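Engineer: For reference, the file query.cif (mmCIF, C-alpha atoms) is included below:
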```
data_protein
loop_
_atom_site.label_atom_id
_atom_site.label_comp_id
_atom_site.auth_asym_id
_atom_site.auth_seq_id
_atom_site.Cartn_x
_atom_site.Cartn_y
_atom_site.Cartn_z
CA MET D 1 -133.89 56.97 -36.10
CA ARG D 2 -131.56 54.27 -34.78
CA LEU D 3 -129.11 52.69 -37.20
CA ILE D 4 -130.25 49.17 -36.29
CA ASP D 5 -133.62 48.64 -34.65
CA GLU D 6 -134.52 46.04 -32.03
CA LYS D 7 -135.38 43.55 -34.78
CA GLY D 8 -131.93 43.80 -36.41
CA ARG D 9 -133.06 45.91 -39.32
CA LEU D 10 -130.95 48.71 -40.80
CA PHE D 11 -132.82 52.01 -40.51
CA GLY D 12 -135.82 49.94 -39.47
CA ARG D 13 -136.26 48.57 -42.97
CA VAL D 14 -133.58 46.14 -44.19
CA SER D 15 -132.62 42.98 -42.28
CA VAL D 16 -128.86 42.95 -41.63
CA ILE D 17 -128.69 39.18 -42.26
CA ASP D 18 -130.48 39.51 -45.61
CA LEU D 19 -128.09 42.30 -46.58
CA LEU D 20 -125.02 40.18 -45.72
CA VAL D 21 -126.35 37.25 -47.76
CA VAL D 22 -126.96 39.51 -50.75
CA LEU D 23 -123.45 40.97 -50.47
CA VAL D 24 -121.88 37.49 -50.39
CA VAL D 25 -123.88 36.30 -53.41
CA VAL D 26 -123.06 39.45 -55.39
CA GLY D 27 -119.39 39.13 -54.44
CA LEU D 28 -119.27 35.51 -55.61
CA GLY D 29 -120.98 36.43 -58.85
CA LEU D 30 -118.50 39.24 -59.51
CA GLY D 31 -115.65 36.85 -58.80
CA VAL D 32 -116.92 34.35 -61.35
CA VAL D 33 -117.35 37.08 -63.98
CA TYR D 34 -113.84 38.40 -63.33
CA LYS D 35 -112.27 34.95 -63.59
CA LYS D 36 -114.04 34.21 -66.85
CA THR D 37 -113.26 37.51 -68.52
CA SER D 38 -109.74 38.29 -67.31
CA GLY D 39 -106.86 37.25 -69.59
CA GLU D 40 -106.95 36.11 -73.14
CA VAL D 41 -108.04 32.66 -74.12
CA GLN D 42 -104.95 30.54 -74.69
CA GLN D 43 -104.58 28.78 -77.98
CA ILE D 44 -103.69 25.16 -77.45
CA VAL D 45 -101.04 24.27 -79.97
CA SER D 46 -101.22 20.57 -79.24
CA ALA D 47 -102.81 18.42 -76.56
CA ASP D 48 -101.85 14.97 -75.29
CA THR D 49 -98.32 15.45 -76.50
CA LYS D 50 -95.17 13.78 -75.31
CA PHE D 51 -92.28 16.00 -74.37
CA TYR D 52 -89.16 15.55 -72.33
CA VAL D 53 -88.39 17.50 -69.19
CA THR D 54 -84.92 17.36 -67.66
CA PHE D 55 -84.74 18.21 -63.98
CA LYS D 56 -81.48 19.31 -62.41
CA CYS D 57 -81.27 17.91 -58.90
CA GLU D 58 -78.42 19.47 -56.98
CA LYS D 59 -76.32 18.70 -53.94
CA LEU D 60 -77.64 15.19 -53.55
CA ARG D 61 -75.99 12.95 -51.04
CA GLU D 62 -75.10 9.48 -52.25
CA PHE D 63 -78.19 7.82 -50.72
CA SER D 64 -80.49 10.18 -52.67
CA ALA D 65 -78.65 9.96 -55.99
CA SER D 66 -78.64 6.17 -55.85
CA ALA D 67 -82.41 6.07 -55.18
CA ILE D 68 -83.17 7.58 -58.62
CA LYS D 69 -83.53 4.88 -61.29
CA GLU D 70 -84.35 4.86 -64.99
CA GLY D 71 -87.87 3.57 -65.45
CA ASP D 72 -89.14 4.93 -62.11
CA VAL D 73 -92.26 7.08 -62.45
CA PHE D 74 -91.93 10.61 -61.13
CA TYR D 75 -94.54 13.02 -59.78
CA LYS D 76 -94.57 16.65 -58.82
CA GLN D 77 -94.17 16.68 -55.04
CA TYR D 78 -97.47 15.85 -53.27
CA ASP D 79 -99.29 15.20 -56.59
CA ARG D 80 -101.07 11.89 -57.14
CA GLN D 81 -101.03 12.21 -60.92
CA PRO D 82 -97.81 10.92 -62.48
CA MET D 83 -95.72 13.02 -64.86
CA GLY D 84 -94.00 10.04 -66.48
CA PRO D 85 -91.07 7.63 -66.33
CA VAL D 86 -87.38 8.49 -66.19
CA VAL D 87 -85.93 7.83 -69.65
CA LYS D 88 -82.45 9.21 -69.09
CA LEU D 89 -80.32 9.72 -66.00
CA GLU D 90 -76.93 11.38 -65.71
CA VAL D 91 -75.12 11.88 -62.42
CA GLU D 92 -72.01 13.98 -61.97
CA GLN D 93 -70.01 15.46 -59.13
CA GLY D 94 -71.76 18.36 -57.42
CA GLU D 95 -70.55 21.95 -57.35
CA GLU D 96 -71.03 24.88 -55.00
CA ILE D 97 -69.74 28.42 -54.68
CA LEU D 98 -66.75 28.65 -52.35
CA VAL D 99 -66.02 32.13 -51.02
CA LYS D 100 -62.38 32.38 -50.11
CA THR D 101 -60.71 34.41 -47.39
CA ASP D 102 -58.98 36.53 -50.02
CA GLY D 103 -62.38 37.81 -51.15
CA THR D 104 -62.63 35.77 -54.33
CA ALA D 105 -65.26 33.15 -55.09
CA VAL D 106 -64.97 30.01 -57.18
CA LEU D 107 -67.22 27.18 -58.25
CA ALA D 108 -65.78 24.39 -56.11
CA THR D 109 -66.24 20.65 -56.45
CA LEU D 110 -68.47 19.10 -53.81
CA ALA D 111 -66.57 15.96 -52.95
CA ASP D 112 -69.48 14.11 -51.33
CA ARG D 113 -72.49 15.47 -53.20
CA TYR D 114 -73.86 14.93 -56.66
CA THR D 115 -75.90 16.64 -59.35
CA ALA D 116 -78.38 14.42 -61.16
CA TYR D 117 -79.95 15.30 -64.50
CA VAL D 118 -83.22 13.37 -64.56
CA THR D 119 -85.07 13.33 -67.89
CA VAL D 120 -88.75 12.42 -67.60
CA GLU D 121 -91.01 11.60 -70.53
CA CYS D 122 -94.14 13.66 -69.79
CA SER D 123 -97.57 13.72 -71.37
CA GLY D 124 -99.24 17.07 -71.47
CA SER D 125 -100.21 19.95 -73.67
CA ILE D 126 -98.36 22.75 -75.37
CA THR D 127 -99.96 26.19 -75.57
CA GLU D 128 -98.81 29.65 -76.55
CA VAL D 129 -97.83 30.17 -72.92
CA GLY D 130 -95.79 27.00 -72.69
CA TYR D 131 -95.90 23.44 -71.54
CA TYR D 132 -98.44 21.89 -69.19
CA VAL D 133 -98.28 18.56 -67.39
CA ASN D 134 -101.10 16.86 -65.52
CA GLY D 135 -103.64 19.14 -67.16
CA SER D 136 -103.04 22.46 -65.45
CA GLN D 137 -99.49 22.41 -64.09
CA HIS D 138 -97.37 24.90 -66.04
CA ILE D 139 -93.75 23.91 -66.39
CA ALA D 140 -90.93 26.09 -67.72
CA GLU D 141 -87.14 26.09 -67.82
CA GLY D 142 -85.67 27.63 -64.70
CA SER D 143 -88.64 27.04 -62.43
CA GLU D 144 -88.18 25.30 -59.10
CA PHE D 145 -90.05 22.04 -59.27
CA PRO D 146 -89.72 19.57 -56.40
CA ILE D 147 -90.27 16.00 -57.59
CA GLN D 148 -90.75 12.60 -56.07
CA SER D 149 -90.98 8.96 -57.01
CA LYS D 150 -92.25 6.10 -54.90
CA TRP D 151 -88.78 5.88 -53.39
CA VAL D 152 -87.21 9.32 -53.19
CA LEU D 153 -88.09 12.98 -52.69
CA ILE D 154 -86.00 15.68 -54.36
CA ASN D 155 -86.72 19.18 -53.02
CA ALA D 156 -83.77 20.93 -54.68
CA SER D 157 -84.93 20.33 -58.23
CA THR D 158 -85.28 22.85 -61.03
CA VAL D 159 -86.43 22.45 -64.62
CA TYR D 160 -83.20 22.41 -66.60
CA ALA D 161 -84.51 21.79 -70.12
CA ILE D 162 -87.70 20.95 -72.01
CA SER D 163 -87.64 19.45 -75.50
CA GLU D 164 -90.00 17.68 -77.83
CA THR D 165 -87.45 15.03 -78.72
CA LEU D 166 -85.40 12.88 -76.40
CA PRO D 167 -82.21 14.84 -75.59
CA MET Y 1 -146.56 21.65 -38.24
CA ARG Y 2 -147.31 24.38 -35.80
CA ASN Y 3 -147.99 24.12 -32.06
CA SER Y 4 -150.70 25.92 -30.16
CA LYS Y 5 -148.61 29.09 -30.00
CA GLY Y 6 -148.29 29.21 -33.80
CA LYS Y 7 -144.55 28.38 -33.81
CA PHE Y 8 -143.15 25.81 -36.21
CA ARG Y 9 -142.21 22.70 -34.23
CA LEU Y 10 -141.67 19.12 -35.29
CA PHE Y 11 -144.31 16.91 -33.69
CA GLY Y 12 -145.50 20.00 -31.89
CA TRP Y 13 -142.53 20.46 -29.60
CA ILE Y 14 -139.09 19.95 -31.32
CA ASN Y 15 -137.50 23.11 -32.73
CA PRO Y 16 -135.93 22.08 -36.08
CA VAL Y 17 -133.24 24.76 -35.78
CA ASP Y 18 -132.16 23.28 -32.44
CA VAL Y 19 -131.96 19.86 -34.10
CA LEU Y 20 -129.77 21.19 -36.90
CA ILE Y 21 -127.43 22.89 -34.42
CA LEU Y 22 -127.20 19.72 -32.34
CA VAL Y 23 -126.37 17.61 -35.41
CA GLY Y 24 -123.69 20.13 -36.41
CA VAL Y 25 -122.08 20.11 -32.97
CA VAL Y 26 -122.08 16.30 -32.83
CA ALA Y 27 -120.47 16.16 -36.28
CA LEU Y 28 -117.77 18.66 -35.24
CA VAL Y 29 -116.95 16.75 -32.07
CA TRP Y 30 -116.82 13.44 -33.97
CA GLY Y 31 -114.54 14.97 -36.63
CA ALA Y 32 -112.21 16.43 -34.01
CA ALA Y 33 -111.99 13.09 -32.22
CA VAL Y 34 -111.31 11.10 -35.39
CA PHE Y 35 -108.77 13.41 -37.00
CA SER Y 36 -106.81 14.39 -33.93
CA ALA Y 37 -106.42 10.96 -32.37
CA PRO Y 38 -102.89 9.51 -32.66
CA GLN Y 39 -102.75 7.14 -35.60
CA LYS Y 40 -102.07 3.55 -34.76
CA VAL Y 41 -100.08 1.34 -37.05
CA SER Y 42 -101.84 -1.91 -37.81
CA ALA Y 43 -101.08 -4.50 -40.44
CA LYS Y 44 -103.83 -4.96 -42.98
CA THR Y 45 -104.21 -7.61 -45.62
CA GLY Y 46 -101.74 -6.89 -48.41
CA ASP Y 47 -99.41 -4.73 -46.25
CA ALA Y 48 -95.71 -5.25 -46.69
CA ILE Y 49 -93.08 -4.56 -44.07
CA LEU Y 50 -90.88 -1.54 -44.66
CA ARG Y 51 -87.50 -1.19 -43.04
CA TYR Y 52 -86.22 2.39 -43.20
CA THR Y 53 -83.41 4.42 -41.66
CA VAL Y 54 -83.70 7.88 -40.16
CA GLU Y 55 -80.49 9.90 -39.83
CA LEU Y 56 -80.52 12.44 -36.99
CA GLY Y 57 -77.86 15.07 -37.43
CA GLU Y 58 -75.64 17.16 -35.20
CA LYS Y 59 -76.27 15.27 -31.98
CA GLU Y 60 -73.90 15.31 -29.02
CA GLU Y 61 -71.57 12.34 -28.90
CA GLY Y 62 -73.26 9.50 -27.01
CA PHE Y 63 -76.82 10.65 -27.80
CA HIS Y 64 -77.55 7.33 -29.53
CA GLN Y 65 -77.32 5.54 -26.19
CA LYS Y 66 -80.59 7.17 -25.09
CA ILE Y 67 -82.51 5.38 -27.83
CA GLU Y 68 -83.93 1.95 -27.04
CA THR Y 69 -84.64 -0.75 -29.58
CA GLY Y 70 -88.19 -2.05 -29.35
CA ALA Y 71 -89.57 1.42 -28.61
CA LYS Y 72 -92.26 2.98 -30.81
CA LEU Y 73 -91.31 5.90 -33.02
CA TYR Y 74 -93.70 8.80 -33.66
CA ASP Y 75 -93.92 11.73 -36.05
CA SER Y 76 -93.43 14.84 -33.89
CA VAL Y 77 -95.65 17.04 -36.05
CA LYS Y 78 -98.89 15.04 -36.11
CA GLY Y 79 -98.27 12.37 -33.52
CA TYR Y 80 -98.56 9.47 -35.97
CA GLU Y 81 -97.00 6.21 -34.87
CA ILE Y 82 -94.56 5.37 -37.65
CA GLY Y 83 -92.94 2.13 -36.61
CA THR Y 84 -90.81 0.25 -34.12
CA ILE Y 85 -87.11 0.90 -33.59
CA VAL Y 86 -85.11 -2.23 -34.44
CA GLU Y 87 -81.55 -0.92 -34.52
CA VAL Y 88 -79.58 2.17 -33.46
CA TYR Y 89 -76.02 3.15 -34.29
CA ALA Y 90 -73.87 6.26 -34.59
CA MET Y 91 -71.25 7.63 -36.98
CA PRO Y 92 -69.05 10.71 -36.73
CA TYR Y 93 -70.92 13.88 -37.67
CA LEU Y 94 -69.70 15.43 -40.93
CA GLU Y 95 -69.94 19.04 -42.05
CA ASP Y 96 -68.95 20.76 -45.30
CA ALA Y 97 -65.56 22.44 -45.22
CA GLY Y 98 -63.85 24.24 -48.09
CA ASP Y 99 -60.29 23.46 -49.12
CA GLU Y 100 -59.23 26.74 -50.71
CA ALA Y 101 -56.01 25.36 -52.10
CA SER Y 102 -57.67 22.68 -54.20
CA ASN Y 103 -61.10 24.34 -54.66
CA ILE Y 104 -62.88 21.34 -53.20
CA ILE Y 105 -65.57 21.26 -50.51
CA ARG Y 106 -65.39 18.09 -48.46
CA ARG Y 107 -67.41 16.68 -45.60
CA VAL Y 108 -65.18 16.50 -42.56
CA PRO Y 109 -65.81 15.08 -39.08
CA VAL Y 110 -66.62 17.39 -36.17
CA ASP Y 111 -65.31 16.30 -32.78
CA GLY Y 112 -67.96 15.88 -30.11
CA LEU Y 113 -70.87 15.44 -32.49
CA GLU Y 114 -72.42 12.38 -34.12
CA PHE Y 115 -74.94 11.26 -36.70
CA VAL Y 116 -77.46 8.90 -35.10
CA TYR Y 117 -79.04 6.28 -37.35
CA VAL Y 118 -82.38 4.87 -36.21
CA VAL Y 119 -83.55 1.82 -38.15
CA VAL Y 120 -87.33 1.37 -38.05
CA GLU Y 121 -89.72 -1.33 -39.20
CA SER Y 122 -93.39 -0.85 -39.91
CA PRO Y 123 -96.24 -2.34 -41.93
CA VAL Y 124 -96.66 -0.13 -44.98
CA GLN Y 125 -99.19 0.31 -47.78
CA PRO Y 126 -97.25 0.73 -51.04
CA ALA Y 127 -98.87 3.19 -53.42
CA ASP Y 128 -97.80 4.37 -56.85
CA ASN Y 129 -96.29 7.62 -55.60
CA ALA Y 130 -95.02 6.72 -52.12
CA MET Y 131 -94.99 4.22 -49.29
CA TYR Y 132 -97.63 5.00 -46.70
CA ILE Y 133 -97.74 4.16 -43.02
CA GLY Y 134 -101.36 5.13 -42.60
CA GLN Y 135 -101.35 8.77 -43.72
CA TYR Y 136 -97.59 9.21 -43.24
CA ASP Y 137 -95.55 8.97 -46.42
CA VAL Y 138 -92.03 7.59 -46.35
CA MET Y 139 -89.42 8.45 -48.99
CA VAL Y 140 -85.64 8.64 -49.09
CA ASN Y 141 -84.43 12.24 -48.56
CA LYS Y 142 -87.64 13.30 -46.83
CA GLU Y 143 -86.99 15.60 -43.87
CA VAL Y 144 -88.60 14.13 -40.77
CA PHE Y 145 -89.25 15.20 -37.20
CA VAL Y 146 -89.45 12.18 -34.93
CA LYS Y 147 -89.78 11.37 -31.27
CA SER Y 148 -89.94 8.46 -28.94
CA LYS Y 149 -90.33 8.17 -25.20
CA LYS Y 150 -86.74 9.18 -24.51
CA PHE Y 151 -85.64 11.36 -27.41
CA ALA Y 152 -86.66 13.65 -30.22
CA GLY Y 153 -84.85 14.91 -33.27
CA LYS Y 154 -85.01 15.92 -36.88
CA GLY Y 155 -83.23 14.43 -39.82
CA TYR Y 156 -83.66 12.66 -43.11
CA ILE Y 157 -84.70 9.24 -44.29
CA THR Y 158 -81.58 7.78 -45.86
CA ALA Y 159 -82.59 4.24 -46.78
CA MET Y 160 -85.70 2.16 -47.43
CA GLU Y 161 -86.19 -1.52 -48.05
CA LEU Y 162 -89.42 -3.39 -48.66
CA ARG Y 163 -89.51 -6.85 -47.12
#
```
Go ahead and render the structure in this file as structure tokens.
Structural biologist:
Amino acid sequence: MRLIDEKGRLFGRVSVIDLLVVLVVVGLGLGVVYKKTSGEVQQIVSADTKFYVTFKCEKLREFSASAIKEGDVFYKQYDRQPMGPVVKLEVEQGEEILVKTDGTAVLATLADRYTAYVTVECSGSITEVGYYVNGSQHIAEGSEFPIQSKWVLINASTVYAISETLP
Amino acid sequence: MRNSKGKFRLFGWINPVDVLILVGVVALVWGAAVFSAPQKVSAKTGDAILRYTVELGEKEEGFHQKIETGAKLYDSVKGYEIGTIVEVYAMPYLEDAGDEASNIIRRVPVDGLEFVYVVVESPVQPADNAMYIGQYDVMVNKEVFVKSKKFAGKGYITAMELR
């Protein structure tokens, strides 16, 4: 007996196309079941809560640092949903590791670059896992988190601090 | 409805599967034409004019002389037209250099190289999260890849002003 007959049927009985469709449907169904049952259900501690996220934006040139303003609304890069307005802004001289020829390394001052601490008032939810902005975007201290406003894009941005009161 | 040979045909002679395939092919061709065509900049009601500066780095001294004002500027990645060049100038190229004695890293000029500043104007649609020239978003500190008839380069947007 041929594996596939002249009518495209496996062992002369089962249509190959029908079999592929069944496999795809079963696969999708298994995927849905897995997604629903994997992981524990998170307890939401509070929803629609205000909290304050401070982003550390490093090695900014002067034109970037001066484009960040209190009151400007910030977004996660490429997102259309806003996180919130800047409520506090601190800018200081930048720093970078300088490896010297004698084999030592120091934290050197960057004469022409700046570090900006941008505190944004966000609305989101707090769960057992942590803080969420814009519904499903998890945000935690230490994570890289590029941000943008209408005027400026900051790629080198990390979450420096999160607090439930204005720092 | 079936034809005299017992096969399902619309109005007795059109194969519906052929029709579906034809519609799909036409839709694909239309989509390819629409989404791959170079975007034109055109002022619409409510558009403002944006003046922005692109800084091209690490160019050979004199490179700025290749760039003509009045020429159109394009995004190199997607071919979007992103404005008209209104001004061009150059400054000495600067690179980070460490001063081990004072533990300071300064930007110092490099002989033979220049920063080229290309000032561009374009109608723009201001949105809440960015300024848009069609589908192209413009923000300070955005890395850009640009080209015109006589040059190409990569750099950053260093200034923006809405007029």
Engineer: When distances are computed from all atoms listed in the file, which of Y:Lys150, Y:Lys7, Y:Arg106, Y:Arg163 shows the smallest separation from chain D?
Structural biologist: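 Closest to chain D, using all atoms listed in the file: Y:Arg106.
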Engineer: Identify all residues satisfying the PyMOL selection byres ((chain Y) within 8 of (chain D)) in the given file; provide them as a short mmCIF file (atom, residue, chain, number, x, y, z; two decimals) with C-alpha atoms, in the frame of the given file.
Structural biologist:
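As written to disk, result_39.cif reads:
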```
data_model
loop_
_atom_site.label_atom_id
_atom_site.label_comp_id
_atom_site.auth_asym_id
_atom_site.auth_seq_id
_atom_site.Cartn_x
_atom_site.Cartn_y
_atom_site.Cartn_z
CA GLY Y 98 -63.85 24.24 -48.09
CA GLU Y 100 -59.23 26.74 -50.71
CA ASN Y 103 -61.10 24.34 -54.66
CA ILE Y 104 -62.88 21.34 -53.20
CA ILE Y 105 -65.57 21.26 -50.51
CA ARG Y 106 -65.39 18.09 -48.46
CA ARG Y 107 -67.41 16.68 -45.60
CA ALA Y 127 -98.87 3.19 -53.42
CA ASP Y 128 -97.80 4.37 -56.85
CA ASN Y 129 -96.29 7.62 -55.60
CA ALA Y 130 -95.02 6.72 -52.12
CA MET Y 131 -94.99 4.22 -49.29
CA VAL Y 138 -92.03 7.59 -46.35
CA MET Y 139 -89.42 8.45 -48.99
CA VAL Y 140 -85.64 8.64 -49.09
CA ASN Y 141 -84.43 12.24 -48.56
CA LYS Y 142 -87.64 13.30 -46.83
CA THR Y 158 -81.58 7.78 -45.86
CA ALA Y 159 -82.59 4.24 -46.78
CA MET Y 160 -85.70 2.16 -47.43
#
```
Engineer: With a distance cut-off of 12 Å and all atoms listed in the file, select the neighbouring residues of Tyr117 in chain Y, excluding the residue or stretch itself and same-chain residues fewer than 6 positions from it, and output the selection as a PyMOL selection string.
Structural biologist: chain Y and resi 52-59+63-65+67+69+85-93+153-159
Engineer: Considering only C-alpha atoms, state which residue in the set Y:Phe151, Y:Pro123, Y:Phe145, Y:Val108 is at the smallest distance from Asp47 in chain Y.
Structural biologist: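 When distances to Asp47 in chain Y are compared using only C-alpha atoms, the smallest one comes from Y:Pro123.
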Engineer: Could you tell me, as a compact mmCIF listing (two decimals) with C-alpha atoms, in the coordinates of the input, exactly which residues end up selected when the PyMOL selection byres ((chain D and resi 135) around 10) is applied to this structure?
Structural biologist:
```txt
# COMPACT_ATOMS: atom_id res chain seq x y z
CA ALA D 47 -102.81 18.42 -76.56
CA ASP D 48 -101.85 14.97 -75.29
CA GLN D 81 -101.03 12.21 -60.92
CA SER D 123 -97.57 13.72 -71.37
CA GLY D 124 -99.24 17.07 -71.47
CA SER D 125 -100.21 19.95 -73.67
CA TYR D 131 -95.90 23.44 -71.54
CA TYR D 132 -98.44 21.89 -69.19
CA VAL D 133 -98.28 18.56 -67.39
CA ASN D 134 -101.10 16.86 -65.52
CA SER D 136 -103.04 22.46 -65.45
CA GLN D 137 -99.49 22.41 -64.09
CA HIS D 138 -97.37 24.90 -66.04
```
Engineer: Could you give me range 11-33 of chain Y completed to N, CA and C atoms, formatted as a PDB file, keeping the file's coordinate frame?
Structural biologist:
```pdb
ATOM      1  N   PHE Y  11    -143.466  17.664 -34.621  1.00  0.00           N
ATOM      2  CA  PHE Y  11    -144.310  16.910 -33.690  1.00  0.00           C
ATOM      3  C   PHE Y  11    -144.827  17.800 -32.562  1.00  0.00           C
ATOM      4  N   GLY Y  12    -144.922  19.058 -32.846  1.00  0.00           N
ATOM      5  CA  GLY Y  12    -145.500  20.000 -31.890  1.00  0.00           C
ATOM      6  C   GLY Y  12    -144.548  20.529 -30.852  1.00  0.00           C
ATOM      7  N   TRP Y  13    -143.367  19.957 -30.676  1.00  0.00           N
ATOM      8  CA  TRP Y  13    -142.530  20.460 -29.600  1.00  0.00           C
ATOM      9  C   TRP Y  13    -141.032  20.554 -29.935  1.00  0.00           C
ATOM     10  N   ILE Y  14    -140.532  19.911 -31.024  1.00  0.00           N
ATOM     11  CA  ILE Y  14    -139.090  19.950 -31.320  1.00  0.00           C
ATOM     12  C   ILE Y  14    -138.797  21.093 -32.292  1.00  0.00           C
ATOM     13  N   ASN Y  15    -137.909  22.004 -31.867  1.00  0.00           N
ATOM     14  CA  ASN Y  15    -137.500  23.110 -32.730  1.00  0.00           C
ATOM     15  C   ASN Y  15    -136.509  22.574 -33.776  1.00  0.00           C
ATOM     16  N   PRO Y  16    -136.841  22.653 -35.073  1.00  0.00           N
ATOM     17  CA  PRO Y  16    -135.930  22.080 -36.080  1.00  0.00           C
ATOM     18  C   PRO Y  16    -134.566  22.766 -36.117  1.00  0.00           C
ATOM     19  N   VAL Y  17    -134.528  24.057 -35.784  1.00  0.00           N
ATOM     20  CA  VAL Y  17    -133.240  24.760 -35.780  1.00  0.00           C
ATOM     21  C   VAL Y  17    -132.345  24.186 -34.683  1.00  0.00           C
ATOM     22  N   ASP Y  18    -132.933  23.898 -33.528  1.00  0.00           N
ATOM     23  CA  ASP Y  18    -132.160  23.280 -32.440  1.00  0.00           C
ATOM     24  C   ASP Y  18    -131.598  21.935 -32.882  1.00  0.00           C
ATOM     25  N   VAL Y  19    -132.409  21.186 -33.630  1.00  0.00           N
ATOM     26  CA  VAL Y  19    -131.960  19.860 -34.100  1.00  0.00           C
ATOM     27  C   VAL Y  19    -130.762  19.999 -35.026  1.00  0.00           C
ATOM     28  N   LEU Y  20    -130.876  20.983 -35.946  1.00  0.00           N
ATOM     29  CA  LEU Y  20    -129.770  21.190 -36.900  1.00  0.00           C
ATOM     30  C   LEU Y  20    -128.492  21.579 -36.158  1.00  0.00           C
ATOM     31  N   ILE Y  21    -128.602  22.455 -35.180  1.00  0.00           N
ATOM     32  CA  ILE Y  21    -127.430  22.890 -34.420  1.00  0.00           C
ATOM     33  C   ILE Y  21    -126.826  21.698 -33.667  1.00  0.00           C
ATOM     34  N   LEU Y  22    -127.686  20.886 -33.082  1.00  0.00           N
ATOM     35  CA  LEU Y  22    -127.200  19.720 -32.340  1.00  0.00           C
ATOM     36  C   LEU Y  22    -126.463  18.749 -33.261  1.00  0.00           C
ATOM     37  N   VAL Y  23    -127.026  18.512 -34.435  1.00  0.00           N
ATOM     38  CA  VAL Y  23    -126.370  17.610 -35.410  1.00  0.00           C
ATOM     39  C   VAL Y  23    -125.009  18.176 -35.810  1.00  0.00           C
ATOM     40  N   GLY Y  24    -124.957  19.495 -36.035  1.00  0.00           N
ATOM     41  CA  GLY Y  24    -123.690  20.130 -36.410  1.00  0.00           C
ATOM     42  C   GLY Y  24    -122.642  20.004 -35.331  1.00  0.00           C
ATOM     43  N   VAL Y  25    -123.041  20.206 -34.077  1.00  0.00           N
ATOM     44  CA  VAL Y  25    -122.080  20.110 -32.970  1.00  0.00           C
ATOM     45  C   VAL Y  25    -121.577  18.676 -32.824  1.00  0.00           C
ATOM     46  N   VAL Y  26    -122.483  17.714 -32.931  1.00  0.00           N
ATOM     47  CA  VAL Y  26    -122.080  16.300 -32.830  1.00  0.00           C
ATOM     48  C   VAL Y  26    -121.091  15.956 -33.936  1.00  0.00           C
ATOM     49  N   ALA Y  27    -121.365  16.454 -35.148  1.00  0.00           N
ATOM     50  CA  ALA Y  27    -120.470  16.160 -36.280  1.00  0.00           C
ATOM     51  C   ALA Y  27    -119.087  16.782 -36.051  1.00  0.00           C
ATOM     52  N   LEU Y  28    -119.047  17.996 -35.512  1.00  0.00           N
ATOM     53  CA  LEU Y  28    -117.770  18.660 -35.240  1.00  0.00           C
ATOM     54  C   LEU Y  28    -116.970  17.900 -34.186  1.00  0.00           C
ATOM     55  N   VAL Y  29    -117.637  17.477 -33.135  1.00  0.00           N
ATOM     56  CA  VAL Y  29    -116.950  16.750 -32.070  1.00  0.00           C
ATOM     57  C   VAL Y  29    -116.420  15.414 -32.592  1.00  0.00           C
ATOM     58  N   TRP Y  30    -117.248  14.733 -33.386  1.00  0.00           N
ATOM     59  CA  TRP Y  30    -116.820  13.440 -33.970  1.00  0.00           C
ATOM     60  C   TRP Y  30    -115.605  13.645 -34.860  1.00  0.00           C
ATOM     61  N   GLY Y  31    -115.653  14.683 -35.721  1.00  0.00           N
ATOM     62  CA  GLY Y  31    -114.540  14.970 -36.630  1.00  0.00           C
ATOM     63  C   GLY Y  31    -113.268  15.281 -35.870  1.00  0.00           C
ATOM     64  N   ALA Y  32    -113.384  16.065 -34.812  1.00  0.00           N
ATOM     65  CA  ALA Y  32    -112.210  16.430 -34.010  1.00  0.00           C
ATOM     66  C   ALA Y  32    -111.616  15.179 -33.368  1.00  0.00           C
ATOM     67  N   ALA Y  33    -112.478  14.306 -32.883  1.00  0.00           N
ATOM     68  CA  ALA Y  33    -111.990  13.090 -32.220  1.00  0.00           C
ATOM     69  C   ALA Y  33    -111.287  12.178 -33.224  1.00  0.00           C
TER      70      ALA Y  33
END
```
